[in-house]
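Text of the file run07.cif, holding mmCIF, C-alpha atoms:
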data_input
loop_
_atom_site.label_atom_id
_atom_site.label_comp_id
_atom_site.auth_asym_id
_atom_site.auth_seq_id
_atom_site.Cartn_x
_atom_site.Cartn_y
_atom_site.Cartn_z
CA MET A 1 -93.82 -20.92 21.75
CA SER A 2 -96.36 -19.80 24.31
CA PHE A 3 -99.90 -21.09 24.31
CA ILE A 4 -102.47 -18.57 25.49
CA ASN A 5 -105.79 -20.17 26.26
CA TYR A 6 -108.40 -17.44 26.53
CA ALA A 7 -111.06 -20.08 27.19
CA ALA A 8 -109.34 -21.29 30.34
CA ARG A 9 -107.65 -17.90 30.96
CA GLU A 10 -104.24 -19.53 30.99
CA ILE A 11 -100.80 -18.61 29.77
CA ASN A 12 -98.75 -21.77 29.13
CA CYS A 13 -94.99 -21.55 28.81
CA LYS A 14 -92.28 -24.14 28.34
CA LEU A 15 -89.05 -23.89 30.32
CA VAL A 16 -86.21 -26.28 29.51
CA TYR A 17 -83.39 -27.15 31.92
CA TYR A 18 -80.27 -27.78 29.86
CA GLY A 19 -76.69 -28.61 30.81
CA PRO A 20 -74.06 -31.33 31.11
CA GLY A 21 -74.80 -34.80 32.45
CA LEU A 22 -74.99 -35.19 36.25
CA GLY A 23 -75.07 -31.40 36.61
CA GLY A 24 -78.29 -31.30 38.65
CA LYS A 25 -81.10 -30.62 36.17
CA THR A 26 -83.32 -33.40 37.45
CA THR A 27 -82.46 -32.45 41.04
CA ASN A 28 -83.75 -28.93 40.36
CA LEU A 29 -87.13 -30.33 39.34
CA GLN A 30 -87.19 -32.79 42.24
CA GLN A 31 -86.52 -29.99 44.72
CA ILE A 32 -89.20 -27.76 43.21
CA TYR A 33 -91.61 -30.68 43.32
CA ALA A 34 -90.75 -31.47 46.94
CA ARG A 35 -91.08 -27.92 48.19
CA ILE A 36 -93.94 -26.35 46.27
CA ASP A 37 -97.55 -26.24 47.43
CA PRO A 38 -99.32 -29.42 46.22
CA LYS A 39 -102.12 -27.29 44.76
CA SER A 40 -99.62 -25.59 42.44
CA LYS A 41 -98.04 -28.64 40.91
CA GLY A 42 -98.86 -31.62 38.77
CA LYS A 43 -97.18 -34.99 38.68
CA LEU A 44 -93.39 -35.13 38.25
CA ILE A 45 -92.69 -37.49 35.39
CA SER A 46 -89.20 -38.90 34.88
CA LEU A 47 -88.34 -40.99 31.87
CA ALA A 48 -85.09 -42.36 33.23
CA THR A 49 -82.83 -45.37 32.91
CA LYS A 50 -82.66 -48.04 35.61
CA THR A 51 -79.73 -46.16 37.10
CA GLU A 52 -81.84 -42.99 37.32
CA ARG A 53 -80.08 -41.16 34.51
CA THR A 54 -82.49 -39.12 32.42
CA LEU A 55 -83.27 -41.08 29.27
CA PHE A 56 -85.71 -38.78 27.51
CA PHE A 57 -86.97 -36.05 29.83
CA ASP A 58 -88.34 -35.07 33.23
CA PHE A 59 -91.55 -33.08 33.22
CA LEU A 60 -93.16 -30.97 35.93
CA PRO A 61 -96.20 -28.74 35.36
CA LEU A 62 -96.39 -25.77 37.72
CA ASP A 63 -98.94 -23.09 38.39
CA LEU A 64 -97.12 -19.92 39.38
CA GLY A 65 -100.19 -17.82 40.16
CA THR A 66 -102.47 -15.36 38.41
CA VAL A 67 -101.55 -12.22 36.52
CA ARG A 68 -104.27 -9.91 35.13
CA GLY A 69 -106.77 -12.75 35.39
CA PHE A 70 -104.56 -15.26 33.59
CA LYS A 71 -103.23 -18.36 35.32
CA THR A 72 -99.53 -18.70 34.52
CA ARG A 73 -98.70 -22.32 33.92
CA PHE A 74 -95.12 -23.38 33.36
CA HIS A 75 -94.17 -26.74 31.95
CA LEU A 76 -90.68 -27.55 33.20
CA TYR A 77 -88.63 -30.04 31.20
CA THR A 78 -85.12 -31.36 31.60
CA VAL A 79 -83.09 -32.78 28.76
CA PRO A 80 -80.79 -35.79 29.11
CA GLY A 81 -77.30 -34.38 29.65
CA GLN A 82 -75.28 -37.30 28.38
CA VAL A 83 -73.57 -36.41 25.11
CA PHE A 84 -75.01 -39.29 23.07
CA TYR A 85 -78.65 -38.33 23.74
CA ASP A 86 -78.55 -35.33 21.40
CA ALA A 87 -81.59 -36.44 19.37
CA SER A 88 -83.71 -36.35 22.53
CA ARG A 89 -82.34 -32.94 23.52
CA LYS A 90 -83.34 -31.50 20.15
CA LEU A 91 -86.89 -32.79 20.55
CA ILE A 92 -87.32 -31.40 24.06
CA LEU A 93 -85.81 -28.04 23.13
CA LYS A 94 -88.41 -27.49 20.40
CA GLY A 95 -90.94 -24.85 21.34
CA ALA A 96 -89.07 -23.73 24.45
CA ASP A 97 -89.98 -20.27 25.72
CA GLY A 98 -86.99 -20.13 28.01
CA VAL A 99 -83.91 -22.09 29.07
CA VAL A 100 -82.16 -22.64 32.39
CA PHE A 101 -78.57 -23.70 31.81
CA VAL A 102 -77.45 -25.76 34.81
CA ALA A 103 -73.67 -25.65 34.89
CA ASP A 104 -71.63 -27.96 37.11
CA SER A 105 -69.20 -25.75 39.08
CA GLN A 106 -66.60 -28.47 39.60
CA VAL A 107 -63.23 -27.88 37.92
CA GLU A 108 -63.27 -31.26 36.19
CA ARG A 109 -66.68 -30.53 34.62
CA MET A 110 -65.70 -27.24 33.00
CA GLU A 111 -65.13 -28.81 29.62
CA ALA A 112 -68.48 -30.59 29.83
CA ASN A 113 -70.16 -27.25 30.60
CA LEU A 114 -68.61 -25.62 27.55
CA GLU A 115 -69.49 -28.57 25.35
CA SER A 116 -73.10 -28.55 26.55
CA LEU A 117 -73.44 -24.79 26.05
CA GLU A 118 -72.08 -25.13 22.53
CA ASN A 119 -74.53 -27.97 21.93
CA LEU A 120 -77.39 -25.76 23.13
CA GLU A 121 -76.37 -23.01 20.73
CA GLU A 122 -76.10 -25.49 17.85
CA ASN A 123 -79.47 -27.07 18.56
CA LEU A 124 -81.15 -23.67 18.82
CA ALA A 125 -79.51 -22.62 15.55
CA GLU A 126 -80.91 -25.74 13.87
CA GLN A 127 -84.35 -24.46 14.83
CA GLY A 128 -83.58 -21.04 13.44
CA LYS A 129 -83.17 -19.60 16.93
CA SER A 130 -80.33 -18.07 18.87
CA LEU A 131 -79.43 -17.98 22.54
CA ASP A 132 -79.10 -14.19 22.10
CA ALA A 133 -82.89 -13.96 21.66
CA MET A 134 -83.86 -16.86 23.94
CA PRO A 135 -84.74 -15.88 27.54
CA HIS A 136 -82.24 -17.82 29.62
CA VAL A 137 -80.73 -18.00 33.07
CA MET A 138 -77.37 -19.46 34.08
CA GLN A 139 -77.35 -21.57 37.22
CA TYR A 140 -73.97 -22.43 38.72
CA ASN A 141 -74.69 -25.58 40.67
CA LYS A 142 -72.77 -27.55 43.31
CA ARG A 143 -71.26 -24.42 44.85
CA ASP A 144 -70.97 -26.32 48.14
CA LEU A 145 -68.31 -28.68 46.79
CA PRO A 146 -64.61 -28.03 47.56
CA ASN A 147 -63.18 -28.13 44.04
CA VAL A 148 -65.27 -25.46 42.33
CA VAL A 149 -64.23 -22.96 39.68
CA PRO A 150 -64.35 -19.35 41.00
CA MET A 151 -67.50 -17.48 40.01
CA VAL A 152 -65.60 -14.90 37.96
CA GLU A 153 -64.10 -17.61 35.79
CA LEU A 154 -67.43 -19.36 35.33
CA GLN A 155 -69.10 -16.12 34.34
CA THR A 156 -66.35 -15.27 31.87
CA ALA A 157 -66.38 -18.69 30.26
CA LEU A 158 -70.11 -19.44 30.20
CA ASN A 159 -72.10 -16.24 30.48
CA LYS A 160 -70.88 -14.17 27.57
CA ARG A 161 -74.36 -12.75 27.03
CA ASN A 162 -74.56 -11.51 30.58
CA ALA A 163 -77.76 -13.41 31.35
CA PRO A 164 -79.18 -13.41 34.89
CA TRP A 165 -77.39 -16.03 36.99
CA CYS A 166 -77.71 -17.84 40.30
CA GLU A 167 -75.40 -19.86 42.48
CA SER A 168 -76.96 -23.03 43.73
CA CYS A 169 -76.70 -26.22 45.66
CA ALA A 170 -79.64 -28.03 44.13
CA THR A 171 -79.45 -31.08 46.41
CA LYS A 172 -80.22 -28.75 49.35
CA GLY A 173 -82.71 -26.66 47.39
CA ILE A 174 -80.45 -23.59 47.57
CA GLY A 175 -80.82 -21.30 44.55
CA VAL A 176 -83.42 -23.52 42.91
CA PHE A 177 -86.41 -21.21 43.32
CA GLU A 178 -84.32 -18.10 42.65
CA THR A 179 -83.38 -19.64 39.30
CA LEU A 180 -86.96 -20.60 38.51
CA LYS A 181 -88.25 -17.14 39.35
CA ALA A 182 -85.57 -15.41 37.30
CA ALA A 183 -86.37 -17.62 34.32
CA ALA A 184 -90.15 -17.20 34.69
CA LYS A 185 -89.70 -13.43 34.86
CA LEU A 186 -87.66 -13.39 31.66
CA VAL A 187 -90.16 -15.61 29.83
CA LEU A 188 -93.20 -13.54 30.86
CA THR A 189 -91.43 -10.27 30.07
CA ASP A 190 -90.49 -11.64 26.65
CA LEU A 191 -94.07 -12.76 26.03
CA LYS A 192 -95.41 -9.36 26.99
CA ARG A 193 -92.89 -7.70 24.67
CA LYS A 194 -93.87 -9.95 21.77
CA MET A 195 -97.51 -8.95 22.31
CA GLY A 196 -96.59 -5.32 22.02
CA GLY A 197 -96.50 -4.55 25.74
CA MET N 1 -99.42 -24.14 13.69
CA ASP N 2 -97.42 -21.07 14.54
CA THR N 3 -98.86 -17.61 14.52
CA PRO N 4 -96.52 -14.89 13.23
CA TRP N 5 -94.99 -14.83 16.73
CA GLY N 6 -94.84 -18.58 16.97
CA ASP N 7 -97.46 -18.52 19.72
CA LEU N 8 -100.87 -20.17 19.87
CA PHE N 9 -104.07 -18.42 20.94
CA LEU N 10 -107.21 -20.34 21.82
CA PHE N 11 -110.57 -18.71 22.57
CA ALA N 12 -113.64 -20.16 24.28
CA GLU N 13 -115.47 -20.59 20.97
CA ASP N 14 -112.44 -22.40 19.49
CA GLU N 15 -112.34 -24.80 22.39
CA GLU N 16 -116.09 -25.39 22.15
CA ARG N 17 -115.87 -26.17 18.43
CA LEU N 18 -112.96 -28.53 18.87
CA ALA N 19 -114.53 -30.21 21.91
CA ALA N 20 -117.79 -30.69 20.01
CA MET N 21 -115.95 -32.39 17.15
CA LEU N 22 -114.06 -34.59 19.61
CA GLY N 23 -117.39 -35.42 21.30
CA ARG N 24 -118.85 -36.55 17.97
CA LEU N 25 -115.75 -38.61 17.30
CA CYS N 26 -116.12 -40.32 20.70
CA GLU N 27 -119.74 -41.20 19.90
CA ASP N 28 -119.01 -42.44 16.40
CA ALA N 29 -115.96 -44.44 17.45
CA LYS N 30 -117.56 -45.65 20.72
CA ALA N 31 -114.47 -44.27 22.40
CA ARG N 32 -114.05 -43.31 26.04
CA ALA N 33 -112.36 -39.96 25.42
CA ALA N 34 -110.53 -37.93 22.79
CA PHE N 35 -107.87 -35.25 23.18
CA LEU N 36 -106.06 -32.74 21.02
CA VAL N 37 -102.49 -32.07 22.04
CA ASP N 38 -99.91 -29.77 20.49
CA GLN N 39 -96.38 -30.86 19.62
CA ASN N 40 -95.12 -29.23 22.79
CA GLY N 41 -97.27 -31.47 24.94
CA ARG N 42 -100.03 -29.04 25.83
CA LEU N 43 -103.64 -30.04 25.95
CA ILE N 44 -105.68 -28.00 23.43
CA ALA N 45 -109.14 -29.59 23.80
CA ALA N 46 -110.74 -32.73 25.18
CA SER N 47 -114.05 -34.57 25.30
CA GLY N 48 -115.37 -37.71 26.94
CA ASP N 49 -114.68 -39.42 30.25
CA ARG N 50 -111.54 -37.96 31.83
CA ALA N 51 -112.33 -38.89 35.43
CA GLY N 52 -109.17 -39.75 37.35
CA LEU N 53 -106.97 -39.09 34.33
CA ASP N 54 -104.03 -36.67 34.58
CA THR N 55 -104.52 -34.97 31.22
CA THR N 56 -101.49 -32.68 31.67
CA ALA N 57 -99.19 -35.68 32.06
CA LEU N 58 -100.95 -37.50 29.23
CA ALA N 59 -100.43 -34.56 26.87
CA SER N 60 -96.73 -34.28 27.68
CA LEU N 61 -96.07 -38.01 27.31
CA VAL N 62 -98.04 -38.27 24.07
CA ALA N 63 -96.07 -35.40 22.53
CA GLY N 64 -92.82 -37.03 23.67
CA SER N 65 -93.89 -40.34 22.21
CA ILE N 66 -94.85 -38.78 18.88
CA ALA N 67 -91.59 -36.82 18.72
CA ALA N 68 -89.56 -39.99 19.35
CA THR N 69 -91.61 -42.01 16.89
CA GLY N 70 -91.23 -39.33 14.20
CA SER N 71 -87.47 -39.48 14.61
CA LEU N 72 -87.60 -43.27 14.37
CA ALA N 73 -89.57 -42.98 11.13
CA ARG N 74 -86.97 -40.69 9.63
CA LEU N 75 -84.21 -43.10 10.65
CA ILE N 76 -85.70 -45.71 8.35
CA GLY N 77 -86.42 -43.26 5.56
CA GLU N 78 -90.11 -42.59 6.28
CA ARG N 79 -91.42 -39.04 6.59
CA ALA N 80 -93.61 -40.06 9.53
CA PHE N 81 -95.66 -42.92 10.92
CA SER N 82 -99.33 -42.19 10.44
CA GLY N 83 -100.62 -43.67 13.68
CA LEU N 84 -99.64 -45.34 16.91
CA PHE N 85 -101.59 -47.98 18.78
CA HIS N 86 -100.94 -48.69 22.44
CA GLU N 87 -102.76 -51.84 23.41
CA GLY N 88 -103.43 -52.62 27.04
CA GLU N 89 -105.45 -55.34 28.76
CA ARG N 90 -108.51 -53.16 29.20
CA SER N 91 -107.67 -49.73 27.80
CA HIS N 92 -106.06 -48.73 24.55
CA LEU N 93 -104.83 -45.54 22.92
CA TYR N 94 -104.79 -44.57 19.29
CA ILE N 95 -102.55 -41.59 18.56
CA THR N 96 -102.23 -39.86 15.22
CA VAL N 97 -100.66 -36.67 13.92
CA LEU N 98 -103.25 -34.54 12.13
CA GLY N 99 -101.05 -31.87 10.71
CA ASP N 100 -97.94 -29.98 11.49
CA GLY N 101 -97.84 -30.10 15.25
CA LEU N 102 -101.37 -31.27 16.13
CA ILE N 103 -101.86 -34.67 17.72
CA LEU N 104 -105.17 -36.51 18.17
CA VAL N 105 -105.43 -39.07 20.97
CA VAL N 106 -108.36 -41.48 21.32
CA SER N 107 -108.80 -43.59 24.42
CA PHE N 108 -111.04 -46.63 24.06
CA ASP N 109 -111.82 -50.02 25.57
CA ARG N 110 -113.47 -53.28 24.53
CA THR N 111 -116.73 -51.53 23.66
CA SER N 112 -114.95 -50.37 20.50
CA SER N 113 -112.23 -51.75 18.26
CA ALA N 114 -108.99 -50.53 16.70
CA GLY N 115 -110.51 -50.75 13.24
CA LEU N 116 -113.55 -48.66 14.12
CA VAL N 117 -111.45 -46.05 15.92
CA ARG N 118 -109.02 -45.75 13.04
CA PHE N 119 -111.87 -45.48 10.52
CA ARG N 120 -113.66 -42.75 12.51
CA VAL N 121 -110.44 -40.86 13.22
CA LYS N 122 -109.67 -40.79 9.52
CA ARG N 123 -113.07 -39.26 8.81
CA ALA N 124 -112.88 -36.71 11.62
CA SER N 125 -109.26 -35.70 11.03
CA GLU N 126 -109.86 -33.47 8.06
CA GLU N 127 -112.56 -31.41 9.77
CA ILE N 128 -110.57 -31.03 12.99
CA GLY N 129 -107.41 -30.14 11.06
CA HIS N 130 -109.31 -27.57 9.04
CA VAL N 131 -110.72 -25.84 12.13
CA PHE N 132 -107.30 -25.84 13.75
CA GLU N 133 -105.78 -24.26 10.65
CA GLU N 134 -108.37 -21.49 10.94
CA ILE N 135 -107.39 -20.93 14.57
CA THR N 136 -103.67 -20.79 13.90
CA GLY N 137 -104.01 -18.79 10.70
CA ARG N 138 -106.08 -16.07 12.32
CA VAL N 139 -104.68 -12.58 12.10
CA ALA N 140 -103.97 -11.41 15.61
CA GLY N 141 -105.20 -8.24 17.20
CA PHE N 142 -106.44 -9.70 20.41
CA GLN N 143 -103.22 -9.85 22.34
CA SER N 144 -103.76 -6.54 24.10
CA GLU N 145 -104.67 -8.18 27.41
CA ILE N 146 -101.26 -9.80 27.57
CA ALA N 147 -99.54 -6.61 26.44
CA GLN N 148 -101.13 -4.81 29.41
CA ILE N 149 -99.22 -6.97 31.87
CA THR N 150 -96.71 -4.72 33.59
CA ASP N 151 -93.27 -5.48 34.98
CA GLU N 152 -94.80 -4.83 38.39
CA ASP N 153 -97.47 -7.51 37.76
CA ILE N 154 -94.72 -9.99 36.98
CA GLU N 155 -92.73 -8.99 40.06
CA ASN N 156 -95.83 -9.38 42.23
CA LEU N 157 -96.61 -12.77 40.74
CA LEU N 158 -93.15 -14.11 41.49
CA SER N 159 -92.60 -12.45 44.85
CA SER N 160 -95.07 -14.75 46.59
#

Representation of the structure as structure tokens:
Amino acid sequence: MSFINYAAREINCKLVYYGPGLGGKTTNLQQIYARIDPKSKGKLISLATKTERTLFFDFLPLDLGTVRGFKTRFHLYTVPGQVFYDASRKLILKGADGVVFVADSQVERMEANLESLENLEENLAEQGKSLDAMPHVMQYNKRDLPNVVPMVELQTALNKRNAPWCESCATKGIGVFETLKAAAKLVLTDLKRKMGG
Amino acid sequence: MDTPWGDLFLFAEDEERLAAMLGRLCEDAKARAAFLVDQNGRLIAASGDRAGLDTTALASLVAGSIAATGSLARLIGERAFSGLFHEGERSHLYITVLGDGLILVVSFDRTSSAGLVRFRVKRASEEIGHVFEEITGRVAGFQSEIAQITDEDIENLLSS
């Protein structure tokens, strides 16, 4: 649900990072925060447990620049990945303009990826939405680790809608901005389309 | 609060009207500042002393807090909790949901009181809610500027 503020000449969009626990959602936001121009970012807020697991959400406001005289502001949120925090995930997902699904490439996390993707589809359906119509990007994280599932298998299992995708190693910042840009592009293109453009 | 597309459009005159109402509320309630935030944590309008305050972060956290509190209310069989007080040593917040998706936040200190703020918020809520309904219920026809954005514009924006 975009918010277009003609008074401030701003387009505000909400991008939600979704995926299994310990997959790298928070790391994505931390890397963006660490690397982006200070003028383009707000404060990174993390509502986390004492052991630094996301409890409710992480939040990072970003200014991606100006298009046709409108500042494009993206509010990046992560959801808690742990299975039992589903109520929080539902709340954060509300009003999302786009989703980044951060999959963990490790073999032993494949089931968690599938479970999280299914959970995303269910939670969108509860809001009367579908992943088919939701701008989304698949990010295959932790590609630097030795025990990863081959890309072809990941794509077959997780990206049935053929969404744009990126390989990443979020801890090193690799693929993080590519993912963000791909998602921002989809969200803005979708907004333009909804406005008749 | 959704338009037919589920999006929200705010014009300069809308912001001025809402800010003026928030300004009156601040005066009447002897409050430091007042903010309108949507359920997605975006700041719609504000009035009063915001010096040194990160209003973007405030809006996001307030929406998160209201979302969590609403779920708590439903857990115990309530439809919603009507208001939230956060009491500090020097500064306090009163947060209330005005309608579907609109949140009013009042920041105040010892120059006012919780009772006065709550009383004034109750009186101002209806007017603010009514204006916001007008804004969200407006038939669109002004979205052409956004429609004119080209794929090339988007590419250029993200290539930097």

Practice problem: For the point (-84.8, -17.7, 37.6) in the file's frame, write as a ChimeraX atom specification all residues with an atom no more than 10 Å away, counting only C-alpha atoms. | Solution: /A:99-100,136-139,164-166,175-187 /N:158

Self-check item: Residue nearest chain A among N:Asp109, N:Asp49, N:Glu89, N:Glu155 (counting only C-alpha atoms)
Solution: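 Of N:Asp109, N:Asp49, N:Glu89, N:Glu155, the one nearest chain A, counting only C-alpha atoms, is N:Glu155.
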
I'd like the residues picked by the PyMOL selection byres ((chain N) within 7 of (chain A)) written out as a CSV table (one decimal) with C-alpha atoms, keeping the file's coordinate frame, using the chain letters and numbers from the file.
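The new file part12.csv reads:
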chain,number,residue,atom,x,y,z
N,6,GLY,CA,-94.8,-18.6,17.0
N,7,ASP,CA,-97.5,-18.5,19.7
N,8,LEU,CA,-100.9,-20.2,19.9
N,9,PHE,CA,-104.1,-18.4,20.9
N,10,LEU,CA,-107.2,-20.3,21.8
N,11,PHE,CA,-110.6,-18.7,22.6
N,12,ALA,CA,-113.6,-20.2,24.3
N,15,GLU,CA,-112.3,-24.8,22.4
N,40,ASN,CA,-95.1,-29.2,22.8
N,57,ALA,CA,-99.2,-35.7,32.1
N,67,ALA,CA,-91.6,-36.8,18.7
N,143,GLN,CA,-103.2,-9.8,22.3
N,144,SER,CA,-103.8,-6.5,24.1
N,146,ILE,CA,-101.3,-9.8,27.6
N,147,ALA,CA,-99.5,-6.6,26.4
N,148,GLN,CA,-101.1,-4.8,29.4
N,149,ILE,CA,-99.2,-7.0,31.9
N,153,ASP,CA,-97.5,-7.5,37.8
N,154,ILE,CA,-94.7,-10.0,37.0
N,157,LEU,CA,-96.6,-12.8,40.7
N,158,LEU,CA,-93.2,-14.1,41.5

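Across A:Asp104, A:Glu121, A:Gly19, A:Ala157, the tightest approach to A:Leu145 is made by A:Asp104 when counting all atoms listed in the file.
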
Quiz item: Could you pull the residues within 8 Å of N:Lys30, counting all atoms listed in the file, minus those fewer than 6 positions along the same chain, as an NGL selection string?
Solution: :N and (108 or 111-112 or 117)

Self-check item: Distance of atom CA of N:Gly101 from atom CA of N:Phe132, expressed in Å to one decimal place
Solution: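 Those two atoms sit 10.5 Å apart.
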
Quiz item: List as a ChimeraX atom specification: which residues have an atom within 6 Å of (-107.6, -47.0, 18.6), counting all atoms listed in the file?
Solution: /N:93-94,114,117-118

Practice problem: Rounded to one decimal place, report the atom CA of A:Gly24-atom CA of N:Arg42 distance in Å. | Solution: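 Result for atom CA of A:Gly24 versus atom CA of N:Arg42: 25.3 Å, one decimal.
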
Quiz item: Which residue out of A:Asn113, A:Thr171, A:Asn141, A:Gln82 has the minimum interatomic distance to A:Leu158 when all atoms listed in the file are used?
Solution: A:Asn113

Quiz item: How many Å lie between atom CA of A:Val79 and atom CA of A:Asn119, rounded to one decimal?
Solution: 12.0 Å

Exercise. Taking the file as shown, find all residues satisfying the PyMOL selection byres ((chain N and resi 125) around 12) and write them as a ChimeraX atom specification.
Key: /N:18,21-22,24-25,36,82,95-99,102-106,117-124,126-133

Exercise. For each of N:Cys26, N:Ala68, N:Ala45, N:Ala31, take the minimum atom-to-atom distance to N:Leu84, counting all atoms listed in the file, then give the residue where this is smallest.
Key: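 Among the listed residues, the smallest separation from N:Leu84 belongs to N:Ala68.
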
Self-check item: Chain and number of each residue from the PyMOL selection byres ((chain N and resi 58) around 10), as number ranges by chain
Solution: N: 35, 37, 41-43, 53-57, 59-64, 105

Exercise. Would you mind telling me which residue in N:Ala51, N:Ser159, N:Ile66, N:Phe85 lies nearest to N:Gln39 when using only C-alpha atoms?
Key: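 Ranked by minimum distance to N:Gln39, first place goes to N:Ile66.
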
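Nearest residue to A:Glu118, choosing from A:Leu154, A:Ala170, A:Val83, A:Ile32 and counting all atoms listed in the file: A:Val83.
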